[in-house]
Every structure is written in C-alpha cells, then in structure tokens.
Amino acid sequence: MTKLEKKDLLDIESLSEDEITLILDTAESLKEISERPIKKVPTLRGKTIVHFFHEPSTRTRTSFEIAAKRLSADTVSVSAATSSIVKGETLADTARNLEAMSPDAIILRHRSAGTPHMLAGLVKGSVVNAGDGMHAHPTQALLDMMTIRQRKGSLKGLKIVIVGDIAHSRVARSDIVGFTKMGARVHVVGPPTMIPLGIESLGTTVSHDIRRAVKTADVIIMLRIQKERQQALLFPSDREYAQCFGLNREVMSKAKEDALIMHPGPINRGVELAPDVADGPFSVILEQVANGVAVRMAILYLLLGGSR
Amino acid sequence: MKRIWIRNGRIIDPETGLDGFFDIIVAKGRIERISNQTSEMEKADCEIVDAEGKLVTPGLMDMHTHLREPGYEYKETIETGCRAAAHGGFTTIACMPNTAPVNDNQSVTDYIVKKARRLGSVRVHPVGAISQGLEGKNLAEYGEMKAAGVVALTDDGNPVMNAQLMRRALEYAKGFKLPIISHCEDRHLTGKGVMNEGVTATRLGLAGIPNASESVMVARDIALSELTRAPLHIAHVSTEDSVRLIREAKRRGIPVTAETAPHYFCLTEEAVIGYDTHAKVHPPLRTARDVEAVVEALRDGTIDVIASDHAPHSSVEKDVEFDMAANGLIGLETSLPLSLSLFHKGVLKLTDLVAKMSTWPARILRLEYGGLRKGGRADLTMIDLEKEFIVNADTFQSKSRNTPFQGWKLKGKAVMTMVKGKIVFRED
C-alpha cells in the first residue's frame, strides 16, 4: 500500500492495519524534515488548511500547525472564542461558510462527539479529527503507536496498560482500538467510576489495581485526571487518587525494567504522575510530542493526495 | 349533513368484543346503525365509504403528544398537529403541558381547548402541569384546570425530583379524579447523558443514561401510588427493569397503568450510530433486551397503552452537534403503522392492539369512549392492514421532520379518520 484512499481521518476504527502501517512509515520518513536546519519542504504548497479548534488545546493545535507549515501549506486558525460561534452560528453553518472558501483540509477539535463526522458530510475537503468529545483522538493514537514502534520494534504481542479516567478519555478509546488492531493486548486500570460500561467490547481487559497491572506491562500510559471530575463524584480527592492510581517510584519498582511510560499530556504533576517518574529514564513523553508533528505531517500529506 | 354508509368493513371493538363484517351508517355525528343488512332505503342518498377488505375500529387515541402551541409554533401548531393526528388515524389526542407559557393554569388550558375547537380536526384534551412552571416546587391549580378541560397532570420532560411533591400531587389530584402521568427519570443519574449507557455509548464516546435512571423513579412512584392509592400512569416505559416493577405493582393491585411508544419496541440504541440526532430521545433508545421486555409487556398486558410521544423539533434543534440536539421524535404519522408490526409479527391480536390505542387511553383519562355501538359517537378509524408504503417525512402533515424512520418500509396504515361523523382524513 502506498496511498491512502480516504477523504477524511475521523477515527481509528475506520483504518485498516495496512493503512495504519502506511501512516506510520510515512511519518518515519517525514520525521527527518524536522531535524533539518531549514525545516520546510514544498510538498503542500498552494493547499489551504483550516485549523478549527472549538476547545482549548496547546499541544495538538501547535503540532498540527507546525506539521502543515513544514509542508508549506497555507494555514488559517479559527478558535471558538474568535469565531462566529460566539455570535450564535451553528457548527453546520460555520462549516458551510468555510466550505465556500474551498479549504483543502479542515482540522477539527470539538467538545462534542461525532462533530467531525457531521463536518465531513458537509465539506468537500478533507476533515481530520483532532479530538471529538470522549469519542476519538486518532492522531494521538497514531503518534502513540509510532512512539511504541520506535522503542519496541512492533506492537505485536506487547502488553499495554492504560491507567486513569477511561470513561472520559478519547485518547483511551482510540488507543485501545489502534493497539489491538496492531496486535497488542490492552489492559485498562482505574477506579470503577472511571471505567465505562462495555469497554471490553473494544478488546480490552479491565482491573482496578495499578500495582498488579504494571508488573507485566511493556508500556504504561497514564491519563490526565481532570479536576472537575471530582464534582462528578468520580473520585474523592487528588491525594487519594495519587495514592491509589498514580504512577510513582514505588509503583514503578514493580514494573518491568524496560517498561515505557507515556502520557498524552498535559500532565498533572503529582496527581497521576509523580515528577521523578515523568522526568525519569523510562518516560518517552517528549518523544510522543515530537512524533506528533511527524504523524500529522504524514496524515496531511497522504490525505491531500501524496503517496509513498 | 349527508349520512355516511361505511360498507362491509371488518369491525373490531375491543370494549364489546365485536369482531365481524358489518355496515355502519353514520348520521348527525353518531352511529345510527351497525348491521350486516343495510336496506336499499337506508343506502339512498348516503355518501359511500367502501370498507371492503379494511378494518374499522373505534377512533384511535394518542394520549401523549406535544402540540407545541402556545410558544413553539415553528415546530408545530394545534392545527398542524391535529392534521398529523388525523392522517395517522387518531381521532383524539392528549397534549402535554410543556408549552410556553406552560399549561399550568386555566387560561392556558382554555386557550388550547378553544383553539383546538376552532382549528383542530380531531379532539384535543390538554394535560396540565403537576407543578407551577414545571419547576417541581409548588402544585399547579388542578381544580381550575380540570374545570377548563385538563384530563390528567404531568411534568413531562421534567421529572418530579421531589418525592414529597409527587406524593402531594398524587393525593391532591385524586380528589379531582385526575390521573398523574409520570415522566420517570432521575435527573442526577441521567447527568449529562445523551443516549443509553452501554457498549454503543462507550464506542461513540457519548455520555450514557443508565436504565436505573428510569427504574428508580418507577419504583418510587409505584411506592407513592401505593401509599396514596391514587392512579398513576407511567409514561414512555423503555426498560426491562421498569417493566418488571410495573408487572409486580399490578399484581399487587396498585392502581398503576403504563404506556410505551413505538420507538421503544422498534429501535435500539444502535439507531444512534452515526450520531443521528433523530434517534436522540428521552428516555433514550435502549438495548435489544429492553425491546424484548417491552414487547413482552405489551403482550401480557403489563403495558396498557401505545402512545406516540410525538415531539416535533425543527432543524434548528436537530441539525446540530449530538450533545446539543433536542430530545424527541415525531410519531403521530408513524405510530399506527409501526404498532401494526406487532400484529403482523403475531405478538398482539388486533383487538388487543386496538385496545392499547383506544380503549385503554380512554379508560385512563376517563374520556367518553367512542365505542362502536348504535347511538355512539361516530369517531372511527379505517385501517388498511396490507397497504405497504415508504416513510417519507416530506409528505407529513406535521410541521416537523424529525423522524428516525425516514425511508422505512411499513405495512398497514389508516386510510380514513372520522371525527364526530365528519371525515377528517381519507386516502384511497
């Protein structure tokens, strides 16, 4: 496979194993561009990409913008606060208006699940899901896969443990689907209040004891705990969460020696991740961020007609 | 007015057990005669309705519709809602109080009654609010509303979260012989939920509403009905656990009745896949297991009534993000055809199906029943059981188009609706 025969990237479910491999291979080959003194190639010259971020985001948004610029695309950025949404315009109308200006791709981040699907039906250009509600975050899953592949050679046969608020995490959902597709075994850990009903149907096992779960893990992915979830009665306090479900040196002492530690960011230092672990030797968190740019370059390149 | 001769239809009346081929002569808004031998003299200058091969039933009643007037006339009006009802085979509808202003006082009731009399083609009975402004704080004025024409009370759409208020409502309403219709939902358990909690919600990344959100309130309201011995009607039953609770309550002689809507026996949560906002409804569409339980409850009589919960919304409320979309779907023009699927599948006998859409609603709301007997009111519905058609919302009489059944091929529909002896809908 050398081409991605798709208009949009909406979720990981709709990608085949071959398509995922194509994206990751392409990302590997594009990664080198970011290491050059002049970090720019003319590949997407004359293409217009709209970054439509309806929810706050630093990492993902910057990553997408850098990816587009390194490929020489013209980029425009729209955020909810600066868009007509504050004037009461509906998403559908905003989409129709953007469409009238013929962008080649729209990168959408939105707090409601399903919005990229809705947008994809309204515009001729490509739609890339940069995170929709609790549903999917496909580029994050791809950059996670890229990072794991770099360190471990392949995902096949690995045991990957994801710890945290699985219920509210689009990253967890996309990771589970992608990892299992690529042959890894996924296990999720969190208090039962954070484990959504029927998550096993995505191909994961579930437990509530991080100390046991890390023992056999090749990769440990810690999810961000959002403080506002306390009000939703999911956990009593940061302190207790850190004690029972956080990753610290004591928990790490039970893990395999070569276990990787990952986090989609932003980190709550001292809550889900102790500082010494976040900055420690097993952490590949910043590699994830670097790979994010490469994966997004690959996706833009492949969706806008490029081939390997 | 010309007399009408409805010729040789299969006449079913669940109340009297009548089931056979008869002629019906209608005159002056009443049934003049039901017989299998109509004399030439009687036939003379009659308008003829050929009911050969058709079913003629007492006028169907839909005890759960939203007419949206006053306040949301862009979604539906009393006039368009009545027309949709007539096209769906209904001669009588009861409309919910969540209008703007809320129907929580006699002047709003009076407005609806008068407007329906002037513009409506079918009979309209308003349902009043349990609490003032549907706010769940103070009782609305049941006595005055009753005098103005309400036939029941509900805070439909807004669950009554305060159990003490529910208790007092049941007690106070009992004195006016008004049933309480309960929208059973625990707000806290629903939380930010937008669809059924379970595998599909988890996959779609949508917040879930557990079955318990409904059943804990069903359990509470049954306990309150037992305490007060006041009649309680549970609206739109959607879960297996609710069914079990209601079955048990009935066995124990508690004065509880229940309804469900066609979408709770025709659709599962999977209708939401693809983020179809037309499948967003409260209570949410549930699993196949719940659907089975609802069907069984219809069969064994645990659920007495099929009502549409006709909830018109415009594209302004539905053509948006799933999270933000309004709840509800229109049902007046699909309710009977969808319900007939239960007959075609052999789940319900025709007479039981007709009872759930006429006799039972009349009994619960204490309405005069348009039974098929000499001298009775000529409210009747003629149904072609075999007629196949494809649902096309663009042809609906309702102002709104929010149906998840668009494009469905259905079998059986109303072909004539008669109210007070007047044909308000007819198709060949």
# chains A, B, ... in the order shown; residues from 1 in each chain; ligands from 1
$ residues_around --residues "B:Ala414" --least-positions-apart "2" --cutoff "12 Å" --atoms "only C-alpha atoms" --output "ChimeraX atom specification"
/B:51,54-57,59-60,84-91,332-340,380-389,411-412,416-418,424-428
$ residues_around --residues "B:Pro231" --least-positions-apart "3" --cutoff "12 Å" --atoms "only C-alpha atoms" --output "JSON, numbers by chain"
{"B": [152, 153, 167, 169, 170, 171, 172, 173, 174, 175, 176, 177, 178, 179, 180, 181, 182, 221, 222, 223, 224, 225, 226, 227, 228, 234, 250, 253, 254, 255, 256, 257, 258, 363, 364, 365, 366]}
$ select_by_dssp --residues "stretch 265-408 of chain B" --states "helix (DSSP H, G or I)" --output "compact mmCIF listing (two decimals) with N, CA and C atoms, in the first residue's frame"
# COMPACT_ATOMS: atom_id res chain seq x y z
N PHE B 265 -40.16 -0.14 20.97
CA PHE B 265 -40.22 -1.54 20.56
C PHE B 265 -39.76 -1.75 19.11
N CYS B 266 -39.43 -0.65 18.41
CA CYS B 266 -38.95 -0.80 17.03
C CYS B 266 -37.47 -0.48 16.87
N GLU B 269 -30.61 1.20 20.82
CA GLU B 269 -29.60 2.25 20.93
C GLU B 269 -28.73 2.34 19.67
N GLU B 270 -28.69 1.27 18.91
CA GLU B 270 -27.83 1.29 17.72
C GLU B 270 -28.30 2.28 16.66
N ALA B 271 -29.54 2.74 16.79
CA ALA B 271 -30.03 3.76 15.86
C ALA B 271 -29.23 5.05 15.98
N VAL B 272 -28.51 5.21 17.11
CA VAL B 272 -27.73 6.44 17.32
C VAL B 272 -26.41 6.42 16.54
N THR B 277 -29.17 12.54 15.19
CA THR B 277 -29.88 13.26 16.26
C THR B 277 -31.38 12.92 16.28
N HIS B 278 -31.89 12.38 15.18
CA HIS B 278 -33.29 11.97 15.18
C HIS B 278 -33.54 10.78 16.11
N ALA B 279 -32.46 10.12 16.48
CA ALA B 279 -32.59 8.99 17.42
C ALA B 279 -32.28 9.43 18.85
N ALA B 288 -31.50 -4.36 22.80
CA ALA B 288 -32.41 -5.38 22.26
C ALA B 288 -33.14 -6.10 23.40
N ARG B 289 -32.43 -6.28 24.50
CA ARG B 289 -33.02 -6.95 25.65
C ARG B 289 -34.20 -6.15 26.24
N ASP B 290 -34.04 -4.84 26.29
CA ASP B 290 -35.13 -3.98 26.77
C ASP B 290 -36.30 -4.01 25.79
N VAL B 291 -35.97 -3.97 24.50
CA VAL B 291 -37.02 -4.02 23.48
C VAL B 291 -37.84 -5.29 23.64
N GLU B 292 -37.15 -6.40 23.86
CA GLU B 292 -37.85 -7.67 24.06
C GLU B 292 -38.78 -7.60 25.26
N ALA B 293 -38.29 -6.99 26.34
CA ALA B 293 -39.09 -6.89 27.56
C ALA B 293 -40.31 -6.01 27.33
N VAL B 294 -40.14 -4.93 26.59
CA VAL B 294 -41.26 -4.03 26.31
C VAL B 294 -42.30 -4.76 25.45
N VAL B 295 -41.84 -5.49 24.46
CA VAL B 295 -42.76 -6.24 23.60
C VAL B 295 -43.53 -7.27 24.44
N GLU B 296 -42.81 -7.96 25.30
CA GLU B 296 -43.47 -8.97 26.15
C GLU B 296 -44.50 -8.29 27.08
N ALA B 297 -44.14 -7.10 27.57
CA ALA B 297 -45.05 -6.37 28.46
C ALA B 297 -46.31 -5.92 27.71
N LEU B 298 -46.15 -5.60 26.44
CA LEU B 298 -47.33 -5.26 25.64
C LEU B 298 -48.19 -6.50 25.46
N ARG B 299 -47.52 -7.62 25.25
CA ARG B 299 -48.25 -8.87 25.00
C ARG B 299 -49.02 -9.31 26.25
N ASP B 300 -48.35 -9.27 27.40
CA ASP B 300 -49.02 -9.80 28.60
C ASP B 300 -49.87 -8.75 29.33
N SER B 315 -35.19 21.88 12.41
CA SER B 315 -33.76 21.64 12.14
C SER B 315 -32.89 22.50 13.06
N VAL B 316 -33.45 23.59 13.57
CA VAL B 316 -32.68 24.42 14.49
C VAL B 316 -32.27 23.62 15.73
N GLU B 317 -33.16 22.73 16.19
CA GLU B 317 -32.84 21.93 17.37
C GLU B 317 -32.15 20.61 17.01
N LYS B 318 -32.31 20.16 15.76
CA LYS B 318 -31.82 18.82 15.43
C LYS B 318 -30.59 18.80 14.52
N PHE B 322 -24.58 16.33 18.35
CA PHE B 322 -25.44 15.37 19.05
C PHE B 322 -25.69 15.80 20.49
N ASP B 323 -24.62 16.23 21.17
CA ASP B 323 -24.75 16.66 22.58
C ASP B 323 -25.78 17.77 22.75
N MET B 324 -25.86 18.64 21.76
CA MET B 324 -26.70 19.83 21.90
C MET B 324 -28.11 19.64 21.34
N SER B 335 -47.01 6.12 14.16
CA SER B 335 -47.30 5.32 15.35
C SER B 335 -48.13 4.06 15.02
N LEU B 336 -49.21 4.25 14.28
CA LEU B 336 -50.07 3.10 13.96
C LEU B 336 -49.35 2.09 13.06
N PRO B 337 -48.75 2.53 11.95
CA PRO B 337 -48.04 1.55 11.11
C PRO B 337 -46.95 0.78 11.87
N LEU B 338 -46.20 1.48 12.71
CA LEU B 338 -45.15 0.79 13.48
C LEU B 338 -45.77 -0.19 14.47
N SER B 339 -46.88 0.21 15.09
CA SER B 339 -47.54 -0.67 16.05
C SER B 339 -48.14 -1.89 15.36
N LEU B 340 -48.59 -1.68 14.13
CA LEU B 340 -49.18 -2.82 13.40
C LEU B 340 -48.15 -3.91 13.13
N SER B 341 -46.85 -3.52 13.20
CA SER B 341 -45.82 -4.56 13.01
C SER B 341 -45.95 -5.63 14.10
N LEU B 342 -46.45 -5.23 15.27
CA LEU B 342 -46.65 -6.20 16.35
C LEU B 342 -47.74 -7.21 15.99
N PHE B 343 -48.74 -6.73 15.26
CA PHE B 343 -49.79 -7.63 14.78
C PHE B 343 -49.24 -8.53 13.67
N HIS B 344 -48.53 -7.92 12.73
CA HIS B 344 -48.00 -8.71 11.61
C HIS B 344 -47.03 -9.79 12.09
N LEU B 350 -55.25 -8.26 16.94
CA LEU B 350 -55.74 -6.95 16.50
C LEU B 350 -56.54 -6.26 17.58
N THR B 351 -57.41 -7.03 18.22
CA THR B 351 -58.29 -6.41 19.21
C THR B 351 -57.49 -5.84 20.39
N ASP B 352 -56.39 -6.53 20.76
CA ASP B 352 -55.55 -6.02 21.85
C ASP B 352 -54.78 -4.77 21.42
N LEU B 353 -54.33 -4.80 20.19
CA LEU B 353 -53.60 -3.64 19.67
C LEU B 353 -54.52 -2.41 19.63
N VAL B 354 -55.73 -2.63 19.13
CA VAL B 354 -56.68 -1.52 19.04
C VAL B 354 -57.02 -1.01 20.45
N ALA B 355 -57.13 -1.94 21.41
CA ALA B 355 -57.44 -1.54 22.78
C ALA B 355 -56.34 -0.64 23.34
N LYS B 356 -55.10 -0.94 23.03
CA LYS B 356 -53.98 -0.15 23.55
C LYS B 356 -53.93 1.24 22.93
N THR B 359 -59.26 2.01 23.68
CA THR B 359 -59.98 1.72 24.92
C THR B 359 -59.20 2.12 26.16
N TRP B 360 -57.93 1.70 26.20
CA TRP B 360 -57.14 1.97 27.40
C TRP B 360 -56.87 3.45 27.64
N PRO B 361 -56.44 4.18 26.62
CA PRO B 361 -56.25 5.62 26.87
C PRO B 361 -57.54 6.28 27.36
N ALA B 362 -58.66 5.89 26.79
CA ALA B 362 -59.95 6.48 27.19
C ALA B 362 -60.23 6.16 28.66
N ARG B 363 -59.96 4.92 29.02
CA ARG B 363 -60.21 4.49 30.40
C ARG B 363 -59.33 5.27 31.37
N ILE B 364 -58.06 5.38 31.04
CA ILE B 364 -57.11 6.04 31.95
C ILE B 364 -57.42 7.52 32.10
N LEU B 365 -57.80 8.15 30.99
CA LEU B 365 -58.08 9.59 31.03
C LEU B 365 -59.55 9.88 31.33
N ALA B 393 -40.93 11.73 5.35
CA ALA B 393 -41.33 12.84 6.22
C ALA B 393 -41.73 14.08 5.43
N ASP B 394 -41.24 14.20 4.21
CA ASP B 394 -41.60 15.37 3.40
C ASP B 394 -43.09 15.42 3.09
N THR B 395 -43.75 14.27 3.19
CA THR B 395 -45.19 14.26 2.91
C THR B 395 -46.02 14.36 4.19
$ residues_around --residues "A:Thr2" --least-positions-apart "2" --cutoff "10 Å" --atoms "only C-alpha atoms" --output "count of residues only"
12
$ residues_around --residues "stretch 186-195 of chain A" --least-positions-apart "5" --cutoff "7 Å" --atoms "only C-alpha atoms" --output "list of chain:residue names"
A:Lys159, A:Ile160, A:Val161, A:Ile162, A:Val163, A:Gly164, A:Asp165, A:Ile166, A:Ala167, A:Ile176, A:Thr180, A:Thr204, A:Thr205, A:Val206, A:Ser207, A:His208, A:Asp209, A:Ile210, A:Leu234, A:Phe245
$ residues_around --residues "B:Ile78" --least-positions-apart "2" --cutoff "12 Å" --atoms "only C-alpha atoms" --output "ChimeraX atom specification"
/B:65-76,80-85,93-96,99,111-126,312,397-399
$ interface_residues --of "chain B" --to "chain A" --cutoff "8 Å" --atoms "only C-alpha atoms" --output "ChimeraX atom specification"
/B:197-199,202-206,274-275,319-323
$ write_last_selection --atoms "C-alpha atoms" --output "mmCIF file, in the first residue's frame"
data_model
loop_
_atom_site.group_PDB
_atom_site.id
_atom_site.type_symbol
_atom_site.label_atom_id
_atom_site.label_comp_id
_atom_site.auth_asym_id
_atom_site.auth_seq_id
_atom_site.Cartn_x
_atom_site.Cartn_y
_atom_site.Cartn_z
ATOM 1 C CA GLU B 197 -25.414 3.852 28.782
ATOM 2 C CA GLY B 198 -23.673 0.795 27.427
ATOM 3 C CA VAL B 199 -21.498 -0.594 24.675
ATOM 4 C CA THR B 202 -18.848 3.777 25.089
ATOM 5 C CA ARG B 203 -17.882 3.233 21.466
ATOM 6 C CA LEU B 204 -19.367 6.523 20.293
ATOM 7 C CA GLY B 205 -17.877 8.445 23.187
ATOM 8 C CA LEU B 206 -21.278 9.777 24.220
ATOM 9 C CA GLY B 274 -23.566 7.762 13.020
ATOM 10 C CA TYR B 275 -24.678 10.372 15.565
ATOM 11 C CA ASP B 319 -29.265 19.859 12.798
ATOM 12 C CA VAL B 320 -26.610 20.408 15.462
ATOM 13 C CA GLU B 321 -23.989 18.539 17.481
ATOM 14 C CA PHE B 322 -25.441 15.373 19.051
ATOM 15 C CA ASP B 323 -24.746 16.657 22.575
#
$ atom_distance --atom1 "atom CA of A:Gly265" --atom2 "atom CA of A:Ser72"
27.2 Å
$ atom_distance --atom1 "atom CA of A:Gly46" --atom2 "atom CA of A:Glu89"
28.8 Å
$ atom_distance --atom1 "atom CA of A:Gly280" --atom2 "atom CA of A:Arg249"
9.6 Å
$ select_by_dssp --residues "stretch 189-269 of chain A" --states "strand (DSSP E)" --output "PyMOL selection string"
chain A and resi 189+204-207+219-222+260-262
$ write_last_selection --atoms "C-alpha atoms" --output "compact mmCIF listing (two decimals), in the first residue's frame"
# COMPACT_ATOMS: atom_id res chain seq x y z
CA VAL A 189 -6.92 0.32 35.07
CA THR A 204 -9.52 -4.68 26.42
CA THR A 205 -9.40 -6.28 29.84
CA VAL A 206 -10.13 -4.29 33.00
CA SER A 207 -8.82 -4.19 36.56
CA VAL A 219 4.03 0.12 28.06
CA ILE A 220 2.20 2.15 30.72
CA ILE A 221 0.07 5.03 29.53
CA MET A 222 -1.10 7.42 32.24
CA LEU A 260 7.87 2.64 28.70
CA ILE A 261 5.93 5.43 30.37
CA MET A 262 3.70 7.56 28.20
$ residues_around --residues "stretch 48-50 of chain B" --least-positions-apart "4" --cutoff "6 Å" --atoms "only C-alpha atoms" --output "NGL selection string"
:B and (4-7)
$ residues_around --residues "A:Val127" --least-positions-apart "4" --cutoff "6 Å" --atoms "only C-alpha atoms" --output "MDAnalysis selection string"
chainID A and resid 8 105:107 120
$ decode --residues "stretch 189-220 of chain A" --atoms "N, CA and C atoms" --output "PDB file, in the first residue's frame"
ATOM      1  N   VAL A 189      -6.873   0.291  33.605  1.00  0.00           N
ATOM      2  CA  VAL A 189      -6.923   0.323  35.067  1.00  0.00           C
ATOM      3  C   VAL A 189      -7.476   1.671  35.521  1.00  0.00           C
ATOM      4  N   GLY A 190      -8.348   1.622  36.500  1.00  0.00           N
ATOM      5  CA  GLY A 190      -8.861   2.860  37.081  1.00  0.00           C
ATOM      6  C   GLY A 190      -9.885   2.481  38.124  1.00  0.00           C
ATOM      7  N   PRO A 191     -10.328   3.447  38.923  1.00  0.00           N
ATOM      8  CA  PRO A 191     -11.431   3.134  39.828  1.00  0.00           C
ATOM      9  C   PRO A 191     -12.670   2.805  38.984  1.00  0.00           C
ATOM     10  N   PRO A 192     -13.557   1.931  39.459  1.00  0.00           N
ATOM     11  CA  PRO A 192     -14.730   1.546  38.662  1.00  0.00           C
ATOM     12  C   PRO A 192     -15.565   2.733  38.180  1.00  0.00           C
ATOM     13  N   THR A 193     -15.512   3.844  38.898  1.00  0.00           N
ATOM     14  CA  THR A 193     -16.265   5.025  38.455  1.00  0.00           C
ATOM     15  C   THR A 193     -15.734   5.584  37.139  1.00  0.00           C
ATOM     16  N   MET A 194     -14.525   5.218  36.779  1.00  0.00           N
ATOM     17  CA  MET A 194     -13.906   5.762  35.568  1.00  0.00           C
ATOM     18  C   MET A 194     -13.812   4.735  34.443  1.00  0.00           C
ATOM     19  N   ILE A 195     -14.439   3.580  34.648  1.00  0.00           N
ATOM     20  CA  ILE A 195     -14.414   2.543  33.614  1.00  0.00           C
ATOM     21  C   ILE A 195     -15.798   2.494  32.958  1.00  0.00           C
ATOM     22  N   PRO A 196     -15.899   2.805  31.689  1.00  0.00           N
ATOM     23  CA  PRO A 196     -17.232   2.844  31.076  1.00  0.00           C
ATOM     24  C   PRO A 196     -17.780   1.444  30.814  1.00  0.00           C
ATOM     25  N   LEU A 197     -19.101   1.361  30.883  1.00  0.00           N
ATOM     26  CA  LEU A 197     -19.796   0.098  30.641  1.00  0.00           C
ATOM     27  C   LEU A 197     -19.461  -0.421  29.243  1.00  0.00           C
ATOM     28  N   GLY A 198     -19.098  -1.689  29.178  1.00  0.00           N
ATOM     29  CA  GLY A 198     -18.910  -2.310  27.862  1.00  0.00           C
ATOM     30  C   GLY A 198     -17.595  -1.991  27.187  1.00  0.00           C
ATOM     31  N   ILE A 199     -16.620  -1.467  27.930  1.00  0.00           N
ATOM     32  CA  ILE A 199     -15.336  -1.122  27.316  1.00  0.00           C
ATOM     33  C   ILE A 199     -14.649  -2.382  26.794  1.00  0.00           C
ATOM     34  N   GLU A 200     -14.962  -3.526  27.402  1.00  0.00           N
ATOM     35  CA  GLU A 200     -14.368  -4.799  26.965  1.00  0.00           C
ATOM     36  C   GLU A 200     -14.691  -5.081  25.505  1.00  0.00           C
ATOM     37  N   SER A 201     -15.797  -4.532  25.033  1.00  0.00           N
ATOM     38  CA  SER A 201     -16.186  -4.800  23.648  1.00  0.00           C
ATOM     39  C   SER A 201     -15.185  -4.195  22.662  1.00  0.00           C
ATOM     40  N   LEU A 202     -14.356  -3.256  23.128  1.00  0.00           N
ATOM     41  CA  LEU A 202     -13.321  -2.704  22.253  1.00  0.00           C
ATOM     42  C   LEU A 202     -12.083  -3.596  22.239  1.00  0.00           C
ATOM     43  N   GLY A 203     -12.087  -4.638  23.065  1.00  0.00           N
ATOM     44  CA  GLY A 203     -10.976  -5.591  23.037  1.00  0.00           C
ATOM     45  C   GLY A 203      -9.980  -5.408  24.167  1.00  0.00           C
ATOM     46  N   THR A 204     -10.428  -4.894  25.310  1.00  0.00           N
ATOM     47  CA  THR A 204      -9.518  -4.677  26.422  1.00  0.00           C
ATOM     48  C   THR A 204      -9.970  -5.470  27.654  1.00  0.00           C
ATOM     49  N   THR A 205      -9.021  -5.732  28.546  1.00  0.00           N
ATOM     50  CA  THR A 205      -9.398  -6.275  29.841  1.00  0.00           C
ATOM     51  C   THR A 205      -9.356  -5.146  30.851  1.00  0.00           C
ATOM     52  N   VAL A 206      -9.958  -5.370  32.016  1.00  0.00           N
ATOM     53  CA  VAL A 206     -10.130  -4.293  32.999  1.00  0.00           C
ATOM     54  C   VAL A 206      -9.696  -4.782  34.382  1.00  0.00           C
ATOM     55  N   SER A 207      -9.006  -3.922  35.139  1.00  0.00           N
ATOM     56  CA  SER A 207      -8.818  -4.194  36.561  1.00  0.00           C
ATOM     57  C   SER A 207      -8.690  -2.869  37.307  1.00  0.00           C
ATOM     58  N   HIS A 208      -8.559  -2.952  38.611  1.00  0.00           N
ATOM     59  CA  HIS A 208      -8.574  -1.741  39.423  1.00  0.00           C
ATOM     60  C   HIS A 208      -7.321  -1.604  40.287  1.00  0.00           C
ATOM     61  N   ASP A 209      -6.327  -2.395  40.020  1.00  0.00           N
ATOM     62  CA  ASP A 209      -5.142  -2.394  40.868  1.00  0.00           C
ATOM     63  C   ASP A 209      -3.902  -2.094  40.027  1.00  0.00           C
ATOM     64  N   ILE A 210      -3.419  -0.867  40.125  1.00  0.00           N
ATOM     65  CA  ILE A 210      -2.284  -0.460  39.279  1.00  0.00           C
ATOM     66  C   ILE A 210      -1.024  -1.256  39.633  1.00  0.00           C
ATOM     67  N   ARG A 211      -0.852  -1.576  40.918  1.00  0.00           N
ATOM     68  CA  ARG A 211       0.374  -2.259  41.343  1.00  0.00           C
ATOM     69  C   ARG A 211       0.501  -3.648  40.723  1.00  0.00           C
ATOM     70  N   ARG A 212      -0.623  -4.293  40.572  1.00  0.00           N
ATOM     71  CA  ARG A 212      -0.614  -5.605  39.914  1.00  0.00           C
ATOM     72  C   ARG A 212      -0.453  -5.458  38.407  1.00  0.00           C
ATOM     73  N   ALA A 213      -1.172  -4.464  37.877  1.00  0.00           N
ATOM     74  CA  ALA A 213      -1.239  -4.337  36.418  1.00  0.00           C
ATOM     75  C   ALA A 213       0.110  -3.989  35.794  1.00  0.00           C
ATOM     76  N   VAL A 214       0.927  -3.195  36.507  1.00  0.00           N
ATOM     77  CA  VAL A 214       2.183  -2.747  35.883  1.00  0.00           C
ATOM     78  C   VAL A 214       3.217  -3.875  35.784  1.00  0.00           C
ATOM     79  N   LYS A 215       3.025  -4.929  36.577  1.00  0.00           N
ATOM     80  CA  LYS A 215       4.035  -5.992  36.640  1.00  0.00           C
ATOM     81  C   LYS A 215       4.382  -6.578  35.277  1.00  0.00           C
ATOM     82  N   THR A 216       3.362  -6.768  34.458  1.00  0.00           N
ATOM     83  CA  THR A 216       3.592  -7.429  33.174  1.00  0.00           C
ATOM     84  C   THR A 216       3.531  -6.459  31.992  1.00  0.00           C
ATOM     85  N   ALA A 217       3.493  -5.151  32.299  1.00  0.00           N
ATOM     86  CA  ALA A 217       3.281  -4.178  31.221  1.00  0.00           C
ATOM     87  C   ALA A 217       4.572  -3.871  30.461  1.00  0.00           C
ATOM     88  N   ASP A 218       4.454  -3.822  29.125  1.00  0.00           N
ATOM     89  CA  ASP A 218       5.568  -3.332  28.315  1.00  0.00           C
ATOM     90  C   ASP A 218       5.481  -1.818  28.163  1.00  0.00           C
ATOM     91  N   VAL A 219       4.262  -1.323  28.187  1.00  0.00           N
ATOM     92  CA  VAL A 219       4.033   0.121  28.063  1.00  0.00           C
ATOM     93  C   VAL A 219       2.977   0.512  29.088  1.00  0.00           C
ATOM     94  N   ILE A 220       3.202   1.638  29.773  1.00  0.00           N
ATOM     95  CA  ILE A 220       2.204   2.154  30.720  1.00  0.00           C
ATOM     96  C   ILE A 220       1.811   3.558  30.259  1.00  0.00           C
TER      97      ILE A 220
END
